[in-house]
>>> print(open('upload-v5.cif').read())   # mmCIF, C-alpha atoms
data_protein
loop_
_atom_site.label_atom_id
_atom_site.label_comp_id
_atom_site.auth_asym_id
_atom_site.auth_seq_id
_atom_site.Cartn_x
_atom_site.Cartn_y
_atom_site.Cartn_z
CA MET A 1 8.98 2.57 12.83
CA ALA A 2 10.80 -0.15 10.92
CA LEU A 3 9.05 -1.81 8.02
CA LYS A 4 9.56 -5.54 7.77
CA GLY A 5 8.08 -8.19 5.59
CA ASN A 6 8.50 -10.67 2.77
CA LEU A 7 8.76 -9.86 -0.93
CA ARG A 8 6.19 -12.59 -1.53
CA ASP A 9 3.61 -10.28 0.05
CA PHE A 10 5.00 -6.85 -0.77
CA SER A 11 7.04 -6.54 -3.96
CA VAL A 12 10.07 -4.37 -4.69
CA THR A 13 7.81 -2.22 -6.88
CA GLN A 14 5.40 -1.68 -3.99
CA LEU A 15 8.23 -0.92 -1.57
CA LEU A 16 9.67 1.73 -3.88
CA ASN A 17 6.19 3.15 -4.35
CA LEU A 18 5.76 3.38 -0.56
CA ILE A 19 9.16 5.01 -0.10
CA ASN A 20 8.40 7.42 -2.92
CA LEU A 21 4.93 8.47 -1.75
CA ALA A 22 5.86 8.66 1.94
CA ARG A 23 9.10 10.48 1.03
CA LYS A 24 11.05 8.24 3.33
CA THR A 25 14.65 8.60 4.37
CA GLY A 26 16.56 5.47 5.32
CA VAL A 27 17.97 2.20 4.07
CA LEU A 28 16.01 -0.67 2.54
CA THR A 29 17.73 -4.03 2.98
CA ILE A 30 16.67 -7.00 0.89
CA GLU A 31 17.86 -10.51 1.65
CA SER A 32 17.01 -13.14 -0.90
CA ASP A 33 18.62 -16.43 -1.83
CA GLY A 34 22.04 -15.54 -0.45
CA THR A 35 22.00 -11.98 -1.81
CA THR A 36 21.94 -9.00 0.54
CA ALA A 37 21.29 -5.65 -1.09
CA ARG A 38 20.93 -2.17 0.36
CA MET A 39 19.25 0.86 -1.15
CA TYR A 40 19.53 4.26 0.51
CA PHE A 41 16.93 7.00 0.15
CA ARG A 42 16.52 10.61 1.19
CA GLU A 43 13.00 12.03 1.17
CA GLY A 44 11.85 9.44 -1.33
CA ARG A 45 14.76 9.79 -3.74
CA LEU A 46 17.27 7.03 -4.40
CA LEU A 47 20.80 7.94 -3.29
CA HIS A 48 22.84 4.78 -3.41
CA ALA A 49 22.53 1.02 -3.85
CA SER A 50 24.90 -1.86 -3.30
CA ILE A 51 25.01 -5.64 -3.13
CA ALA A 52 27.06 -7.22 -0.37
CA GLY A 53 30.15 -9.00 -1.68
CA GLN A 54 30.25 -7.08 -4.96
CA ASP A 55 33.01 -4.56 -5.52
CA ASP A 56 31.21 -1.24 -5.64
CA GLN A 57 34.21 0.99 -5.10
CA LEU A 58 34.43 3.88 -7.58
CA THR A 59 37.34 2.23 -9.39
CA ALA A 60 35.23 -0.85 -10.16
CA ILE A 61 32.24 1.27 -11.16
CA LEU A 62 34.31 3.36 -13.58
CA GLN A 63 35.86 0.24 -15.07
CA LYS A 64 32.44 -1.36 -15.54
CA ALA A 65 31.22 1.82 -17.25
CA GLY A 66 34.20 1.78 -19.61
CA LYS A 67 35.55 5.07 -18.30
CA ILE A 68 38.87 3.51 -17.33
CA THR A 69 40.63 0.39 -18.58
CA PRO A 70 41.33 -2.67 -16.41
CA GLU A 71 45.01 -1.66 -16.41
CA GLN A 72 44.19 1.85 -15.21
CA ALA A 73 41.93 0.38 -12.54
CA GLN A 74 44.74 -1.86 -11.39
CA ILE A 75 47.15 1.09 -11.20
CA ILE A 76 44.64 3.12 -9.15
CA ARG A 77 44.15 0.20 -6.76
CA THR A 78 47.84 -0.38 -6.19
CA ARG A 79 49.29 3.11 -6.29
CA SER A 80 46.57 5.50 -5.26
CA GLN A 81 47.18 7.37 -2.04
CA VAL A 82 43.50 8.26 -1.62
CA HIS A 83 41.24 6.19 0.55
CA THR A 84 37.68 7.15 -0.30
CA ASP A 85 35.55 7.31 -3.45
CA LYS A 86 35.03 11.01 -3.00
CA GLU A 87 38.77 11.67 -2.76
CA LEU A 88 39.45 9.50 -5.80
CA GLY A 89 36.74 11.26 -7.79
CA LEU A 90 38.21 14.66 -6.99
CA LEU A 91 41.68 13.45 -7.88
CA LEU A 92 40.56 12.15 -11.29
CA ILE A 93 38.64 15.35 -12.05
CA ASN A 94 41.45 17.65 -10.93
CA ALA A 95 44.00 15.66 -12.94
CA GLY A 96 41.78 16.05 -16.01
CA TYR A 97 41.33 12.31 -16.55
CA LEU A 98 37.56 12.34 -16.17
CA SER A 99 34.78 14.89 -15.90
CA GLN A 100 32.35 15.18 -13.03
CA ASP A 101 29.64 14.02 -15.42
CA ASP A 102 31.65 10.88 -16.30
CA ILE A 103 31.80 9.95 -12.64
CA LEU A 104 28.20 10.76 -11.74
CA SER A 105 26.74 9.02 -14.78
CA SER A 106 28.79 5.91 -13.99
CA VAL A 107 27.63 5.89 -10.36
CA LYS A 108 24.03 6.47 -11.49
CA GLN A 109 24.19 3.53 -13.90
CA HIS A 110 25.67 1.32 -11.18
CA VAL A 111 22.88 2.26 -8.77
CA LEU A 112 20.23 1.59 -11.42
CA ASP A 113 21.81 -1.77 -12.32
CA VAL A 114 21.53 -2.85 -8.69
CA VAL A 115 17.90 -1.73 -8.36
CA TYR A 116 16.78 -3.31 -11.64
CA TYR A 117 18.54 -6.53 -10.66
CA LEU A 118 16.39 -6.62 -7.52
CA PHE A 119 13.03 -5.97 -9.20
CA PRO A 120 12.25 -9.55 -10.24
CA PHE A 121 12.95 -10.90 -6.72
CA ALA A 122 9.71 -12.52 -5.62
CA GLU A 123 10.93 -14.16 -2.40
CA GLY A 124 13.03 -12.87 0.45
CA ARG A 125 12.93 -10.66 3.50
CA PHE A 126 12.95 -6.89 3.42
CA HIS A 127 13.58 -4.41 6.18
CA PHE A 128 13.48 -0.61 6.04
CA GLU A 129 15.44 1.22 8.70
CA PRO A 130 14.55 4.91 8.83
CA ASP A 131 17.02 7.79 8.91
CA GLN A 132 20.07 5.77 7.88
CA LEU A 133 22.14 7.40 5.15
CA PRO A 134 24.90 5.92 2.95
CA PRO A 135 28.46 5.82 4.29
CA ALA A 136 29.92 9.33 4.13
CA ASP A 137 32.79 8.32 1.81
CA ARG A 138 30.45 7.17 -0.98
CA ILE A 139 29.52 9.27 -4.00
CA THR A 140 25.73 9.46 -4.09
CA VAL A 141 23.17 10.44 -6.71
CA SER A 142 19.60 11.63 -6.28
CA LEU A 143 17.15 9.80 -8.54
CA ASP A 144 13.37 10.12 -8.93
CA LEU A 145 11.70 6.82 -8.16
CA GLU A 146 8.77 7.17 -10.57
CA SER A 147 10.83 6.42 -13.68
CA ILE A 148 12.59 3.58 -11.88
CA ILE A 149 9.24 2.09 -10.85
CA MET A 150 7.96 2.35 -14.44
CA GLU A 151 11.04 0.61 -15.80
CA GLY A 152 10.90 -2.04 -13.05
CA SER A 153 7.24 -2.73 -13.82
CA ARG A 154 8.15 -3.37 -17.47
CA ARG A 155 10.34 -6.20 -16.27
CA ILE A 156 7.64 -8.09 -14.38
CA LYS A 157 7.11 -11.46 -15.99
CA GLU A 158 4.70 -13.20 -13.62
CA TRP A 159 1.07 -13.22 -14.60
CA GLU A 160 -0.02 -14.23 -11.09
CA ARG A 161 1.47 -11.18 -9.44
CA LEU A 162 -0.10 -8.81 -11.93
CA HIS A 163 -3.43 -10.54 -11.58
CA GLU A 164 -3.32 -10.19 -7.80
CA GLU A 165 -2.38 -6.55 -7.99
CA LEU A 166 -5.00 -5.71 -10.58
CA PRO A 167 -7.74 -8.33 -10.38
CA ASP A 168 -10.53 -6.34 -12.02
CA LEU A 169 -10.19 -4.97 -15.56
CA ASP A 170 -13.69 -3.50 -15.54
CA VAL A 171 -12.72 -0.44 -13.55
CA ALA A 172 -11.96 2.94 -15.05
CA LEU A 173 -8.74 4.91 -14.68
CA LYS A 174 -8.21 8.57 -13.92
CA PHE A 175 -5.12 10.69 -13.65
CA ALA A 176 -3.79 11.13 -10.12
CA GLU A 177 -4.91 14.44 -8.71
CA ARG A 178 -1.51 15.34 -7.40
CA PRO A 179 1.22 13.29 -9.08
CA ARG A 180 4.63 14.15 -7.69
CA THR A 181 6.26 14.18 -11.10
CA PRO A 182 4.76 15.54 -14.33
CA LEU A 183 4.31 13.00 -17.11
CA ARG A 184 6.86 14.80 -19.26
CA HIS A 185 9.60 13.90 -16.78
CA ILE A 186 8.87 10.20 -17.11
CA ASN A 187 10.11 8.04 -19.93
CA LEU A 188 7.02 6.35 -21.34
CA ASN A 189 7.11 4.01 -24.31
CA VAL A 190 4.68 4.10 -27.22
CA ASP A 191 2.29 1.52 -25.76
CA GLU A 192 2.17 3.37 -22.43
CA TRP A 193 1.31 6.60 -24.23
CA ARG A 194 -1.42 4.79 -26.15
CA VAL A 195 -2.96 3.69 -22.86
CA ILE A 196 -2.58 7.17 -21.36
CA SER A 197 -4.41 8.72 -24.31
CA PHE A 198 -7.57 6.75 -23.46
CA ILE A 199 -7.69 7.62 -19.76
CA ASN A 200 -10.68 9.83 -19.06
CA GLY A 201 -12.27 8.52 -15.86
CA ARG A 202 -14.89 6.55 -17.81
CA ASN A 203 -13.03 4.11 -20.07
CA THR A 204 -12.41 0.86 -18.25
CA ILE A 205 -9.06 -0.89 -18.43
CA ARG A 206 -10.67 -3.60 -20.55
CA GLN A 207 -12.03 -1.03 -23.02
CA ILE A 208 -8.64 0.67 -23.26
CA ALA A 209 -7.03 -2.70 -24.01
CA GLN A 210 -9.63 -3.42 -26.70
CA HIS A 211 -9.14 -0.01 -28.32
CA ASN A 212 -5.40 -0.65 -28.48
CA GLY A 213 -5.52 -4.33 -29.41
CA MET A 214 -3.66 -5.31 -26.25
CA GLY A 215 -3.87 -8.60 -24.39
CA GLU A 216 -4.67 -8.88 -20.67
CA PHE A 217 -1.06 -9.44 -19.63
CA GLN A 218 0.16 -6.41 -21.56
CA ILE A 219 -2.53 -4.03 -20.33
CA ARG A 220 -2.13 -5.23 -16.73
CA LYS A 221 1.60 -4.67 -16.90
CA ILE A 222 1.24 -1.14 -18.28
CA VAL A 223 -1.55 -0.12 -15.91
CA TYR A 224 0.27 -1.63 -12.92
CA GLY A 225 3.34 0.44 -13.78
CA LEU A 226 1.31 3.64 -14.08
CA LEU A 227 -0.47 2.89 -10.80
CA ALA A 228 2.72 1.98 -8.95
CA ALA A 229 4.41 5.15 -10.16
CA GLY A 230 1.47 7.15 -8.81
CA LEU A 231 0.55 8.62 -12.19
CA VAL A 232 -2.97 7.21 -12.40
CA GLU A 233 -5.59 5.96 -9.96
CA LEU A 234 -8.46 3.51 -10.16
CA VAL A 235 -11.90 5.09 -10.19
CA GLU A 236 -13.94 3.96 -7.18
CA PRO A 237 -17.09 1.97 -8.09
CA ALA A 238 -19.43 4.74 -6.85
CA GLU A 239 -17.54 7.39 -8.80
CA GLN A 240 -17.44 5.18 -11.88
CA LYS A 241 -21.23 4.81 -11.73
CA ARG A 242 -21.66 8.55 -11.39
CA ARG A 243 -19.35 9.25 -14.31
CA ALA A 244 -21.04 6.61 -16.46
CA GLU A 245 -24.43 8.13 -15.76
CA ALA A 246 -22.98 11.48 -16.83
CA VAL A 247 -24.29 13.30 -13.77
CA PRO A 248 -22.83 16.80 -13.93
CA ALA A 249 -19.49 16.80 -12.17
CA GLY A 250 -19.46 18.52 -8.82
CA GLY A 251 -16.70 17.42 -6.55
CA PRO A 252 -15.69 13.91 -5.62
CA ALA A 253 -18.16 11.04 -5.55
CA GLN A 254 -19.89 10.52 -2.24
CA PRO A 255 -20.56 7.18 -0.61
CA ALA A 256 -24.15 6.00 -0.43
CA LYS A 257 -26.22 7.62 2.30
CA PRO A 258 -26.61 5.31 5.31
CA PRO A 259 -30.22 4.20 5.89
CA VAL A 260 -30.78 6.33 9.03
CA LYS A 261 -31.49 9.88 10.08
CA ARG A 262 -28.92 12.30 11.46
CA ASN A 263 -30.55 12.21 14.86
CA VAL A 264 -29.89 8.46 15.17
CA ILE A 265 -26.18 8.90 14.50
CA MET A 266 -25.99 11.77 17.00
CA ARG A 267 -27.53 9.57 19.69
CA ILE A 268 -25.04 6.77 18.98
CA ILE A 269 -22.13 9.22 19.10
CA ASP A 270 -23.33 10.61 22.40
CA ARG A 271 -23.68 7.14 23.89
CA ILE A 272 -20.28 5.88 22.76
CA ARG A 273 -18.58 8.99 24.13
CA ARG A 274 -20.05 8.13 27.55
CA ILE A 275 -18.95 4.47 27.57
CA MET B 276 -37.16 -0.40 18.96
CA GLN B 277 -34.76 0.49 16.16
CA ASN B 278 -31.73 -1.69 15.49
CA VAL B 279 -28.74 -0.45 13.54
CA LYS B 280 -25.48 -2.19 12.75
CA ILE B 281 -21.85 -1.58 12.01
CA VAL B 282 -19.72 -4.32 10.49
CA ILE B 283 -16.14 -5.04 11.51
CA THR B 284 -14.29 -6.83 8.72
CA GLY B 285 -10.71 -7.67 7.83
CA PRO B 286 -8.33 -10.56 7.25
CA PHE B 287 -7.89 -13.55 9.51
CA ALA B 288 -6.46 -12.69 12.96
CA ALA B 289 -6.67 -8.93 12.37
CA GLY B 290 -8.32 -8.41 15.78
CA LYS B 291 -12.01 -8.13 14.88
CA THR B 292 -13.31 -10.28 17.73
CA GLU B 293 -11.14 -8.45 20.25
CA PHE B 294 -12.34 -5.09 18.92
CA ILE B 295 -15.99 -6.03 19.51
CA ARG B 296 -15.22 -7.58 22.90
CA SER B 297 -13.61 -4.34 24.08
CA ILE B 298 -16.76 -2.30 23.73
CA SER B 299 -19.76 -4.62 23.72
CA GLU B 300 -21.99 -4.44 26.78
CA ILE B 301 -22.80 -8.13 26.47
CA ASP B 302 -20.39 -11.02 26.27
CA VAL B 303 -19.73 -11.27 22.59
CA VAL B 304 -21.84 -13.95 21.03
CA SER B 305 -19.00 -15.54 19.23
CA THR B 306 -19.16 -18.46 16.88
CA GLU B 307 -15.51 -19.29 17.28
CA ARG B 308 -14.29 -22.78 16.56
CA ARG B 309 -10.97 -24.48 16.97
CA ILE B 310 -9.02 -24.16 13.77
CA SER B 311 -8.39 -27.32 11.82
CA ASP B 312 -5.87 -26.14 9.24
CA ASN B 313 -2.49 -24.43 8.94
CA SER B 314 -3.89 -21.15 10.24
CA ARG B 315 -3.66 -22.71 13.69
CA VAL B 316 -0.10 -21.47 14.09
CA VAL B 317 -1.53 -17.93 14.12
CA LYS B 318 -4.41 -18.47 16.53
CA GLU B 319 -6.21 -21.35 18.13
CA GLU B 320 -9.77 -20.37 17.34
CA THR B 321 -11.43 -18.36 14.60
CA THR B 322 -14.82 -16.87 13.89
CA VAL B 323 -16.70 -19.11 11.48
CA ALA B 324 -19.93 -17.18 11.06
CA MET B 325 -19.88 -13.94 12.96
CA ASP B 326 -19.19 -12.17 16.22
CA PHE B 327 -22.02 -10.28 17.64
CA GLY B 328 -21.78 -7.40 20.11
CA ARG B 329 -24.36 -4.94 21.35
CA ILE B 330 -24.45 -1.38 22.65
CA THR B 331 -27.77 -0.11 23.94
CA ILE B 332 -28.01 3.51 22.87
CA ASP B 333 -31.29 4.34 24.64
CA GLN B 334 -34.75 2.87 25.17
CA ASP B 335 -35.52 2.93 21.45
CA LEU B 336 -32.21 2.28 19.79
CA VAL B 337 -29.65 -0.53 19.83
CA LEU B 338 -26.36 -0.66 17.95
CA TYR B 339 -25.10 -4.09 16.92
CA LEU B 340 -21.51 -4.78 15.98
CA PHE B 341 -21.00 -7.69 13.62
CA GLY B 342 -17.58 -9.20 13.04
CA THR B 343 -17.13 -11.07 9.80
CA PRO B 344 -15.29 -14.38 9.64
CA GLY B 345 -11.69 -13.78 8.63
CA GLN B 346 -10.99 -16.99 6.79
CA LYS B 347 -11.72 -16.83 3.11
CA ARG B 348 -13.75 -19.99 2.96
CA PHE B 349 -16.47 -18.29 4.98
CA ASP B 350 -16.73 -15.26 2.69
CA PHE B 351 -20.24 -16.26 1.60
CA MET B 352 -21.30 -14.71 4.93
CA TRP B 353 -19.95 -11.27 4.10
CA GLU B 354 -22.75 -10.12 1.82
CA ILE B 355 -25.41 -11.26 4.28
CA LEU B 356 -23.71 -9.44 7.15
CA SER B 357 -23.21 -6.26 5.17
CA GLU B 358 -26.88 -5.83 4.32
CA GLY B 359 -28.28 -2.64 5.84
CA MET B 360 -25.10 -1.63 7.68
CA LEU B 361 -24.46 2.01 8.59
CA GLY B 362 -20.83 1.66 7.72
CA PHE B 363 -17.89 -0.65 8.29
CA VAL B 364 -14.47 -0.83 9.87
CA LEU B 365 -11.70 -2.57 7.95
CA MET B 366 -9.37 -4.02 10.60
CA VAL B 367 -5.78 -4.67 9.59
CA ASP B 368 -3.00 -6.23 11.64
CA SER B 369 -0.33 -3.56 11.14
CA THR B 370 2.46 -6.00 11.95
CA LYS B 371 1.58 -8.55 9.25
CA SER B 372 2.36 -7.27 5.78
CA GLU B 373 1.43 -10.70 4.43
CA THR B 374 -2.23 -9.86 5.13
CA PHE B 375 -2.29 -6.46 3.39
CA ARG B 376 -3.16 -7.82 -0.04
CA GLU B 377 -6.07 -9.78 1.41
CA ALA B 378 -7.23 -6.69 3.31
CA ARG B 379 -7.31 -4.77 0.06
CA GLN B 380 -9.31 -7.52 -1.61
CA ILE B 381 -11.81 -7.60 1.27
CA LEU B 382 -12.16 -3.84 1.05
CA ASP B 383 -12.88 -4.03 -2.69
CA VAL B 384 -15.56 -6.65 -2.06
CA PHE B 385 -17.24 -4.64 0.72
CA LYS B 386 -17.20 -1.46 -1.32
CA LYS B 387 -19.10 -3.33 -4.02
CA TYR B 388 -21.67 -4.75 -1.60
CA ALA B 389 -22.62 -1.33 -0.29
CA GLY B 390 -21.09 2.06 -0.92
CA VAL B 391 -21.48 3.04 2.73
CA PRO B 392 -18.84 5.01 4.66
CA PHE B 393 -15.93 3.13 6.18
CA VAL B 394 -12.70 3.66 8.08
CA VAL B 395 -9.54 1.59 8.29
CA ALA B 396 -8.29 0.57 11.75
CA ALA B 397 -4.53 -0.02 11.79
CA ASN B 398 -4.53 -2.51 14.65
CA LYS B 399 -1.70 -3.59 16.97
CA GLN B 400 -0.07 -0.16 16.94
CA ASP B 401 1.36 -0.98 20.37
CA LEU B 402 3.70 -3.56 18.85
CA PRO B 403 7.21 -2.56 17.72
CA ASP B 404 6.94 -3.92 14.16
CA ALA B 405 3.66 -2.18 13.38
CA TRP B 406 3.51 -0.29 10.08
CA SER B 407 2.35 3.28 10.66
CA PRO B 408 -1.17 4.27 9.53
CA GLU B 409 0.42 6.51 6.86
CA ASP B 410 2.42 3.59 5.44
CA LEU B 411 -0.64 1.33 5.59
CA ARG B 412 -2.61 3.89 3.61
CA ILE B 413 -0.11 3.62 0.78
CA ALA B 414 0.25 -0.16 1.07
CA LEU B 415 -3.53 -0.66 0.89
CA ARG B 416 -4.02 2.11 -1.68
CA ILE B 417 -6.54 3.91 0.51
CA ASN B 418 -7.69 7.25 -0.88
CA SER B 419 -6.75 10.37 1.05
CA ASP B 420 -10.40 11.09 1.94
CA VAL B 421 -10.69 7.83 3.92
CA LYS B 422 -9.54 7.78 7.55
CA VAL B 423 -6.77 5.32 8.45
CA LEU B 424 -6.73 5.27 12.25
CA PRO B 425 -4.24 3.91 14.76
CA CYS B 426 -5.87 1.20 16.87
CA VAL B 427 -5.23 -1.23 19.71
CA ALA B 428 -8.25 -3.51 19.66
CA ARG B 429 -7.96 -4.58 23.29
CA ASP B 430 -8.01 -0.97 24.47
CA LYS B 431 -11.56 0.33 24.92
CA GLU B 432 -10.60 3.98 24.40
CA SER B 433 -8.89 3.13 21.13
CA VAL B 434 -11.94 1.18 19.95
CA LYS B 435 -14.20 4.08 20.95
CA HIS B 436 -12.03 6.43 18.92
CA VAL B 437 -12.32 4.25 15.80
CA LEU B 438 -16.10 3.90 16.15
CA LEU B 439 -16.55 7.61 16.76
CA GLU B 440 -14.47 8.49 13.70
CA LEU B 441 -16.62 6.15 11.62
CA LEU B 442 -19.77 7.77 13.03
CA TYR B 443 -18.44 11.26 12.27
CA THR B 444 -17.80 10.10 8.69
CA ILE B 445 -21.34 8.73 8.47
CA LEU B 446 -22.64 12.02 9.81
CA GLU B 447 -20.68 13.98 7.21
CA THR B 448 -22.12 11.76 4.49
CA LEU B 449 -25.64 12.44 5.74
CA GLU B 450 -25.03 16.18 5.93
CA GLU B 451 -23.52 16.26 2.44
CA GLY B 452 -26.61 14.44 1.22
CA VAL B 453 -28.79 17.16 2.76
CA SER B 454 -26.81 20.09 1.37
#
>>> encode(input="upload-v5.cif", output="structure tokens")
Amino acid sequence: MALKGNLRDFSVTQLLNLINLARKTGVLTIESDGTTARMYFREGRLLHASIAGQDDQLTAILQKAGKITPEQAQIIRTRSQVHTDKELGLLLINAGYLSQDDILSSVKQHVLDVVYYLFPFAEGRFHFEPDQLPPADRITVSLDLESIIMEGSRRIKEWERLHEELPDLDVALKFAERPRTPLRHINLNVDEWRVISFINGRNTIRQIAQHNGMGEFQIRKIVYGLLAAGLVELVEPAEQKRRAEAVPAGGPAQPAKPPVKRNVIMRIIDRIRRI
Amino acid sequence: MQNVKIVITGPFAAGKTEFIRSISEIDVVSTERRISDNSRVVKEETTVAMDFGRITIDQDLVLYLFGTPGQKRFDFMWEILSEGMLGFVLMVDSTKSETFREARQILDVFKKYAGVPFVVAANKQDLPDAWSPEDLRIALRINSDVKVLPCVARDKESVKHVLLELLYTILETLEEGVS
């Protein structure tokens, strides 16, 4: 099933969150203001990213990363007998010019540069095509999306978007029951850690902001990043009430009991089955 | 005679009226009006107060299905309609990602009105661009203990399935309350 939509309604952060949580494999294409970008994923991990019209051959990537000089890049382009990035990478490693780490770190930085460039896009079409992998000749990486989502969320500048995503500051936060990545694998800054230290299922976002002397924009940005990365969850109103009333914990909060007896529901079920 | 009700809510043009029409034993008492604003490109008429369907359970019991108006300017009706409901269905047009944010906001409002059980119906699953229920769950940030069900609102069997799943959830809530 292809996913289509507009970034106005579903942001890059949300798309990466969806791909991460659903562990999707395929290519996400974003078209915005004359730019067409593609990001490839395997089981929710980022493999490759490129922007149409930009030179993303290995030679250009290594030059951009400062691993080779413009002159060396020119020599490779004109004299090299190899035709693919993978062949060129092997040639450079075998000749002792560069290490495998030099090449992979350069490709990783290139991929991240593309993704972070796309984060602020607020308009444009997106389209996810499942099961498509990068061209076989490309060198790929395999990057966790949680850290990328956190970093991307730090770059959000629009108050309106944050307000829409997190309209209510009077809800409490709890840690996700099954985060895919432990906190220690994520690069959090000092302010994010300060917020994390107050999360206990009872403190509301507003209280956490007050404790830390943070403004609404700052706390929204941090909490949105933690939510989008799947590290924390909002506490449902019923659960929040239960926690606030300090009823002894005993499993998840239950919804309010409907105002009828079991027998009534059984009769309705029986009738609907026979329709 | 005991009357009980289930509310069908969701964004504009999600398929609420069609859902009720598919299963109601009476012609749906619909308060649809021709649309006078930009929403007209999506559909010609919309529900301004409520849709109203009925299923007679037996001699002593009637189930009413209430559809809320989808357009935001009629949201003052939501609280009135939600009073005393057994549970609710959040209808979402799975092909229109531009309505997901609104669906989430409606859900937050309804959860505050009454903490009754609910299910999410991922409507228009017969269309090629429909987001899967699993993707909708993530997009709408629906907890894993809430059912997100595939739905085609004009198909009676599909509507029955959604209503039955909601009723099973209500039943579980009642039984958990007992134990």
>>> closest_residue(input="upload-v5.cif", among="B:Val367, B:Ala378, B:Leu361, B:Val279", to="Val337 in chain B", atoms="all atoms listed in the file")
B:Val279
>>> closest_residue(input="upload-v5.cif", among="B:Ile413, B:Ile295, B:Ile332, B:Ala289", to="Leu21 in chain A", atoms="only C-alpha atoms")
B:Ile413
>>> residues_around(input="upload-v5.cif", residues="range 172-178 of chain A", least_positions_apart="4", cutoff="7 Å", atoms="all atoms listed in the file", output="JSON, numbers by chain")
{"A": [199, 200, 201, 202, 203, 204, 205, 230, 231, 232, 233, 234, 235, 240]}
>>> write_last_selection(input="upload-v5.cif", atoms="C-alpha atoms", output="PDB file, keeping the file's coordinate frame")
ATOM      1  CA  ILE A 199      -7.690   7.620 -19.760  1.00  0.00           C
ATOM      2  CA  ASN A 200     -10.680   9.830 -19.060  1.00  0.00           C
ATOM      3  CA  GLY A 201     -12.270   8.520 -15.860  1.00  0.00           C
ATOM      4  CA  ARG A 202     -14.890   6.550 -17.810  1.00  0.00           C
ATOM      5  CA  ASN A 203     -13.030   4.110 -20.070  1.00  0.00           C
ATOM      6  CA  THR A 204     -12.410   0.860 -18.250  1.00  0.00           C
ATOM      7  CA  ILE A 205      -9.060  -0.890 -18.430  1.00  0.00           C
ATOM      8  CA  GLY A 230       1.470   7.150  -8.810  1.00  0.00           C
ATOM      9  CA  LEU A 231       0.550   8.620 -12.190  1.00  0.00           C
ATOM     10  CA  VAL A 232      -2.970   7.210 -12.400  1.00  0.00           C
ATOM     11  CA  GLU A 233      -5.590   5.960  -9.960  1.00  0.00           C
ATOM     12  CA  LEU A 234      -8.460   3.510 -10.160  1.00  0.00           C
ATOM     13  CA  VAL A 235     -11.900   5.090 -10.190  1.00  0.00           C
ATOM     14  CA  GLN A 240     -17.440   5.180 -11.880  1.00  0.00           C
TER      15      GLN A 240
END
>>> residues_near_point(input="upload-v5.cif", point="(-22.2, -6.8, 20.0)", cutoff="9 Å", atoms="all atoms listed in the file", output="MDAnalysis selection string")
chainID B and resid 295:296 298:304 326:330 338:342
>>> residues_around(input="upload-v5.cif", residues="range 264-269 of chain A", least_positions_apart="5", cutoff="12 Å", atoms="only C-alpha atoms", output="count of residues only")
38
>>> interface_residues(input="upload-v5.cif", of="chain A", to="chain B", cutoff="10 Å", atoms="only C-alpha atoms", output="compact mmCIF listing (two decimals) with C-alpha atoms, in the coordinates of the input")
# COMPACT_ATOMS: atom_id res chain seq x y z
CA MET A 1 8.98 2.57 12.83
CA ALA A 2 10.80 -0.15 10.92
CA LEU A 3 9.05 -1.81 8.02
CA LYS A 4 9.56 -5.54 7.77
CA GLY A 5 8.08 -8.19 5.59
CA ASN A 6 8.50 -10.67 2.77
CA LEU A 7 8.76 -9.86 -0.93
CA ARG A 8 6.19 -12.59 -1.53
CA ASP A 9 3.61 -10.28 0.05
CA PHE A 10 5.00 -6.85 -0.77
CA GLN A 14 5.40 -1.68 -3.99
CA LEU A 15 8.23 -0.92 -1.57
CA ASN A 17 6.19 3.15 -4.35
CA LEU A 18 5.76 3.38 -0.56
CA ILE A 19 9.16 5.01 -0.10
CA LEU A 21 4.93 8.47 -1.75
CA ALA A 22 5.86 8.66 1.94
CA GLU A 164 -3.32 -10.19 -7.80
CA GLU A 165 -2.38 -6.55 -7.99
CA PRO A 167 -7.74 -8.33 -10.38
CA ASP A 168 -10.53 -6.34 -12.02
CA LEU A 227 -0.47 2.89 -10.80
CA ALA A 228 2.72 1.98 -8.95
CA GLU A 233 -5.59 5.96 -9.96
CA LEU A 234 -8.46 3.51 -10.16
CA GLU A 236 -13.94 3.96 -7.18
CA PRO A 237 -17.09 1.97 -8.09
CA ALA A 238 -19.43 4.74 -6.85
CA PRO A 252 -15.69 13.91 -5.62
CA GLN A 254 -19.89 10.52 -2.24
CA PRO A 255 -20.56 7.18 -0.61
CA ALA A 256 -24.15 6.00 -0.43
CA LYS A 257 -26.22 7.62 2.30
CA PRO A 258 -26.61 5.31 5.31
CA PRO A 259 -30.22 4.20 5.89
CA VAL A 260 -30.78 6.33 9.03
CA LYS A 261 -31.49 9.88 10.08
CA ARG A 262 -28.92 12.30 11.46
CA ASN A 263 -30.55 12.21 14.86
CA VAL A 264 -29.89 8.46 15.17
CA ILE A 265 -26.18 8.90 14.50
CA MET A 266 -25.99 11.77 17.00
CA ARG A 267 -27.53 9.57 19.69
CA ILE A 268 -25.04 6.77 18.98
CA ILE A 269 -22.13 9.22 19.10
CA ASP A 270 -23.33 10.61 22.40
CA ARG A 271 -23.68 7.14 23.89
CA ILE A 272 -20.28 5.88 22.76
CA ARG A 273 -18.58 8.99 24.13
CA ARG A 274 -20.05 8.13 27.55
CA ILE A 275 -18.95 4.47 27.57
>>> atom_distance(input="upload-v5.cif", atom1="CA of Gln81 in chain A", atom2="CA of Ser105 in chain A")
24.1 Å
>>> atom_distance(input="upload-v5.cif", atom1="CA of Leu133 in chain A", atom2="CA of Tyr40 in chain A")
6.2 Å
>>> closest_residue(input="upload-v5.cif", among="A:Thr13, A:Thr59, A:Ser147, A:Thr29", to="Tyr224 in chain A", atoms="all atoms listed in the file")
A:Thr13
